[in-house]
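K.L.:
Quick one: structure below, then a few questions.
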Amino acid sequence: MKNSLSLLMMLATIQFCSGQSYNTVLGMRFGEDFGFVGAQRIANHTTLELSASDGLFSSNKFVSATLKQHHNLVTRRFNFFVGGGYIGKSLVGVDNERENYSTTGHGIAGVMGTEFTLGRLNFSLDYVPQYILTKEFSGRRLTADSALSIRYVMWKRKGWLKKFFGKIF
């Protein structure tokens, strides 16, 4: 009985925790290529993330905007997320028929992954399947990308415990 009461209280406490421990983060994304990434909390458990890569080491350039829904794993500092959004992709390459070519496409992207915040550092590992909808796009329409993002927490989010004791004292 004592163990089940402890388990019930722990589960109730986890439900009141938020899905992420930051309001705003900015940093780098290391995947197929280097990129920049920023995320802003727009609602409880929800963030809007913008990322861009200029194709420094590959022929892929992209810009994406995704909404992510966060869910706790252990605490709000360690969570998983799922979501989706927009992707704009540009592919530059060399073809036998055309020497140099460039093609641009717009499409949809899904996203899933985990993130962990330690102090002011946020680490995120994600998997992003992408489908390009533009008819003129000559590259592969269905692709996937995974990356590790290391981001700095610009504005922290106050925990419920700090808010509670802040009202008392």
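Naming works like this for the structure tokens: A, B, ... for the chains as they're shown, residue 1 at the start of each chain, ligands 1 onward in shown order.
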With only C-alpha atoms as the counted atoms, please give the residues lying no more than 10 Å from Met112 of chain A, apart from itself and same-chain residues fewer than 5 positions off, as a list in words.
P.N.:
Lys68, Gln69, His70, Phe80, Phe81, Val82, Gly83, Gly84, Leu125, Asp126, Tyr127, Val128, Pro129 and Ser146 of chain A
K.L.:
For those residues, write C-alpha atoms to a file as a tab-separated table (two decimals), in the first residue's frame.
P.N.:
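selection-v7.tsv, freshly written:
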chain	number	residue	atom	x	y	z
A	68	LYS	CA	7.03	20.16	-31.66
A	69	GLN	CA	4.95	18.68	-28.87
A	70	HIS	CA	7.09	17.68	-25.85
A	80	PHE	CA	10.83	13.29	-26.15
A	81	PHE	CA	9.03	15.23	-28.86
A	82	VAL	CA	7.03	14.68	-32.04
A	83	GLY	CA	5.80	17.19	-34.58
A	84	GLY	CA	5.87	18.42	-38.12
A	125	LEU	CA	18.81	14.22	-31.07
A	126	ASP	CA	16.20	14.17	-33.83
A	127	TYR	CA	15.00	12.25	-36.88
A	128	VAL	CA	13.34	14.29	-39.65
A	129	PRO	CA	11.58	12.53	-42.56
A	146	SER	CA	19.00	12.96	-38.35
K.L.:
Using 7 Å as the limit and counting only C-alpha atoms, can you tabulate each residue of segment 12-74 of chain A that touches segment 87-90 of chain A, with its shortest atom-to-atom distance in Å and the two atoms involved, as CSV?
P.N.:
residue,atom,partner,partner_atom,distance
A:Asn60,CA,A:Ser90,CA,6.1
A:Lys61,CA,A:Ser90,CA,5.0
A:Phe62,CA,A:Lys89,CA,4.4
A:Val63,CA,A:Gly88,CA,5.2
A:Ser64,CA,A:Ile87,CA,4.3
A:Ala65,CA,A:Ile87,CA,6.6
K.L.:
Write a file of the just-selected residues containing N, CA and C atoms, as an mmCIF file, in the first residue's frame.
P.N.:
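File out-v6.cif, as written:
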data_model
loop_
_atom_site.group_PDB
_atom_site.id
_atom_site.type_symbol
_atom_site.label_atom_id
_atom_site.label_comp_id
_atom_site.auth_asym_id
_atom_site.auth_seq_id
_atom_site.Cartn_x
_atom_site.Cartn_y
_atom_site.Cartn_z
ATOM 1 N N ASN A 60 23.197 19.995 -50.248
ATOM 2 C CA ASN A 60 21.864 20.217 -49.690
ATOM 3 C C ASN A 60 21.807 21.512 -48.902
ATOM 4 N N LYS A 61 20.879 22.395 -49.249
ATOM 5 C CA LYS A 61 20.595 23.571 -48.453
ATOM 6 C C LYS A 61 19.137 23.463 -48.031
ATOM 7 N N PHE A 62 18.837 23.835 -46.795
ATOM 8 C CA PHE A 62 17.442 23.766 -46.384
ATOM 9 C C PHE A 62 17.112 24.801 -45.320
ATOM 10 N N VAL A 63 15.844 25.098 -45.230
ATOM 11 C CA VAL A 63 15.263 25.921 -44.186
ATOM 12 C C VAL A 63 14.007 25.200 -43.740
ATOM 13 N N SER A 64 13.806 25.067 -42.429
ATOM 14 C CA SER A 64 12.600 24.388 -41.956
ATOM 15 C C SER A 64 12.011 25.096 -40.750
ATOM 16 N N ALA A 65 10.713 24.974 -40.617
ATOM 17 C CA ALA A 65 9.972 25.481 -39.459
ATOM 18 C C ALA A 65 9.070 24.352 -38.994
#
K.L.:
What is the distance between atom CA of Asn23 of chain A and atom CA of Arg120 of chain A, in Å to one decimal?
P.N.:
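For atom CA of Asn23 of chain A relative to atom CA of Arg120 of chain A, the distance reads 11.5 Å.
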K.L.:
Between atom CA of Phe57 of chain A and atom CA of Phe123 of chain A, what is the distance, to one decimal in Å?
P.N.:
22.4 Å
K.L.:
Pick from A:Thr66, A:Tyr86, A:Ser149, A:Ser59: nearest to Thr46 of chain A, with only C-alpha atoms counted?
P.N.:
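Ranked by minimum distance to Thr46 of chain A, first place goes to A:Thr66.
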K.L.:
Residues at most 6 Å from Thr134 of chain A, counting only C-alpha atoms, excluding those fewer than 3 positions away in the same chain, as a PyMOL selection string?
P.N.:
chain A and resi 105-106+137
K.L.:
Give the answer as one residue: which of A:Lys156, A:Ala39, A:Glu115, A:Ser53 has the shortest atom-to-atom distance to Thr75 of chain A, using only C-alpha atoms?
P.N.:
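Nearest to Thr75 of chain A: A:Glu115.
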K.L.:
Rank nothing, just name the residue among A:Thr104, A:Thr117, A:Ser138, A:Gln130 nearest to Val25 of chain A, using only C-alpha atoms.
P.N.:
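With only C-alpha atoms as the atom set, the closest residue is A:Thr117.
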K.L.:
Pick out the residues sitting within 6 Å of Phe116 of chain A, and hand them over as a list in words; count only C-alpha atoms, and ignore anything fewer than 3 positions along from it in its own chain.
P.N.:
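Contacts, with the query itself left out: Arg77, Phe78, Asn122 and Phe123 of chain A.
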K.L.:
Do you know which residues are at most 12 Å from Gly38 of chain A counting only C-alpha atoms, after dropping those on the same chain fewer than 5 positions away, and could you put them as a list in words?
P.N.:
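Using only C-alpha atoms, the neighbours found are Tyr22, Asn23, Thr24, Val25, Leu26, Gly27, Met28, Arg29, Thr47, Leu48, Glu49, Leu50, Ser51, Ala52, Val63, Ser64, Ala65, Thr66, Leu67, Asn122, Ser124, Ser149, Ile150, Arg151, Tyr152, Val153 and Met154 of chain A.
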K.L.:
Any chance you can output those residues with C-alpha atoms as a PDB file, in the first residue's frame?
P.N.:
ATOM      1  CA  TYR A  22      13.406  26.572 -21.491  1.00  0.00           C
ATOM      2  CA  ASN A  23      11.627  29.423 -23.196  1.00  0.00           C
ATOM      3  CA  THR A  24      14.231  30.173 -25.902  1.00  0.00           C
ATOM      4  CA  VAL A  25      17.291  28.252 -27.152  1.00  0.00           C
ATOM      5  CA  LEU A  26      19.806  28.996 -29.931  1.00  0.00           C
ATOM      6  CA  GLY A  27      22.584  26.785 -31.240  1.00  0.00           C
ATOM      7  CA  MET A  28      24.141  24.529 -33.878  1.00  0.00           C
ATOM      8  CA  ARG A  29      22.757  21.453 -35.635  1.00  0.00           C
ATOM      9  CA  THR A  47       7.768  24.798 -29.245  1.00  0.00           C
ATOM     10  CA  LEU A  48       8.311  26.375 -32.650  1.00  0.00           C
ATOM     11  CA  GLU A  49      11.725  25.484 -34.074  1.00  0.00           C
ATOM     12  CA  LEU A  50      13.474  27.169 -36.994  1.00  0.00           C
ATOM     13  CA  SER A  51      16.567  25.598 -38.540  1.00  0.00           C
ATOM     14  CA  ALA A  52      18.724  26.387 -41.562  1.00  0.00           C
ATOM     15  CA  VAL A  63      15.263  25.921 -44.186  1.00  0.00           C
ATOM     16  CA  SER A  64      12.600  24.388 -41.956  1.00  0.00           C
ATOM     17  CA  ALA A  65       9.972  25.481 -39.459  1.00  0.00           C
ATOM     18  CA  THR A  66       8.446  22.798 -37.243  1.00  0.00           C
ATOM     19  CA  LEU A  67       6.043  22.658 -34.334  1.00  0.00           C
ATOM     20  CA  ASN A 122      20.353  21.730 -24.298  1.00  0.00           C
ATOM     21  CA  SER A 124      18.683  17.311 -28.860  1.00  0.00           C
ATOM     22  CA  SER A 149      21.764  19.843 -31.844  1.00  0.00           C
ATOM     23  CA  ILE A 150      23.726  21.581 -29.125  1.00  0.00           C
ATOM     24  CA  ARG A 151      21.934  24.734 -28.023  1.00  0.00           C
ATOM     25  CA  TYR A 152      22.343  27.413 -25.387  1.00  0.00           C
ATOM     26  CA  VAL A 153      19.337  28.245 -23.204  1.00  0.00           C
ATOM     27  CA  MET A 154      18.835  31.992 -23.586  1.00  0.00           C
TER      28      MET A 154
END
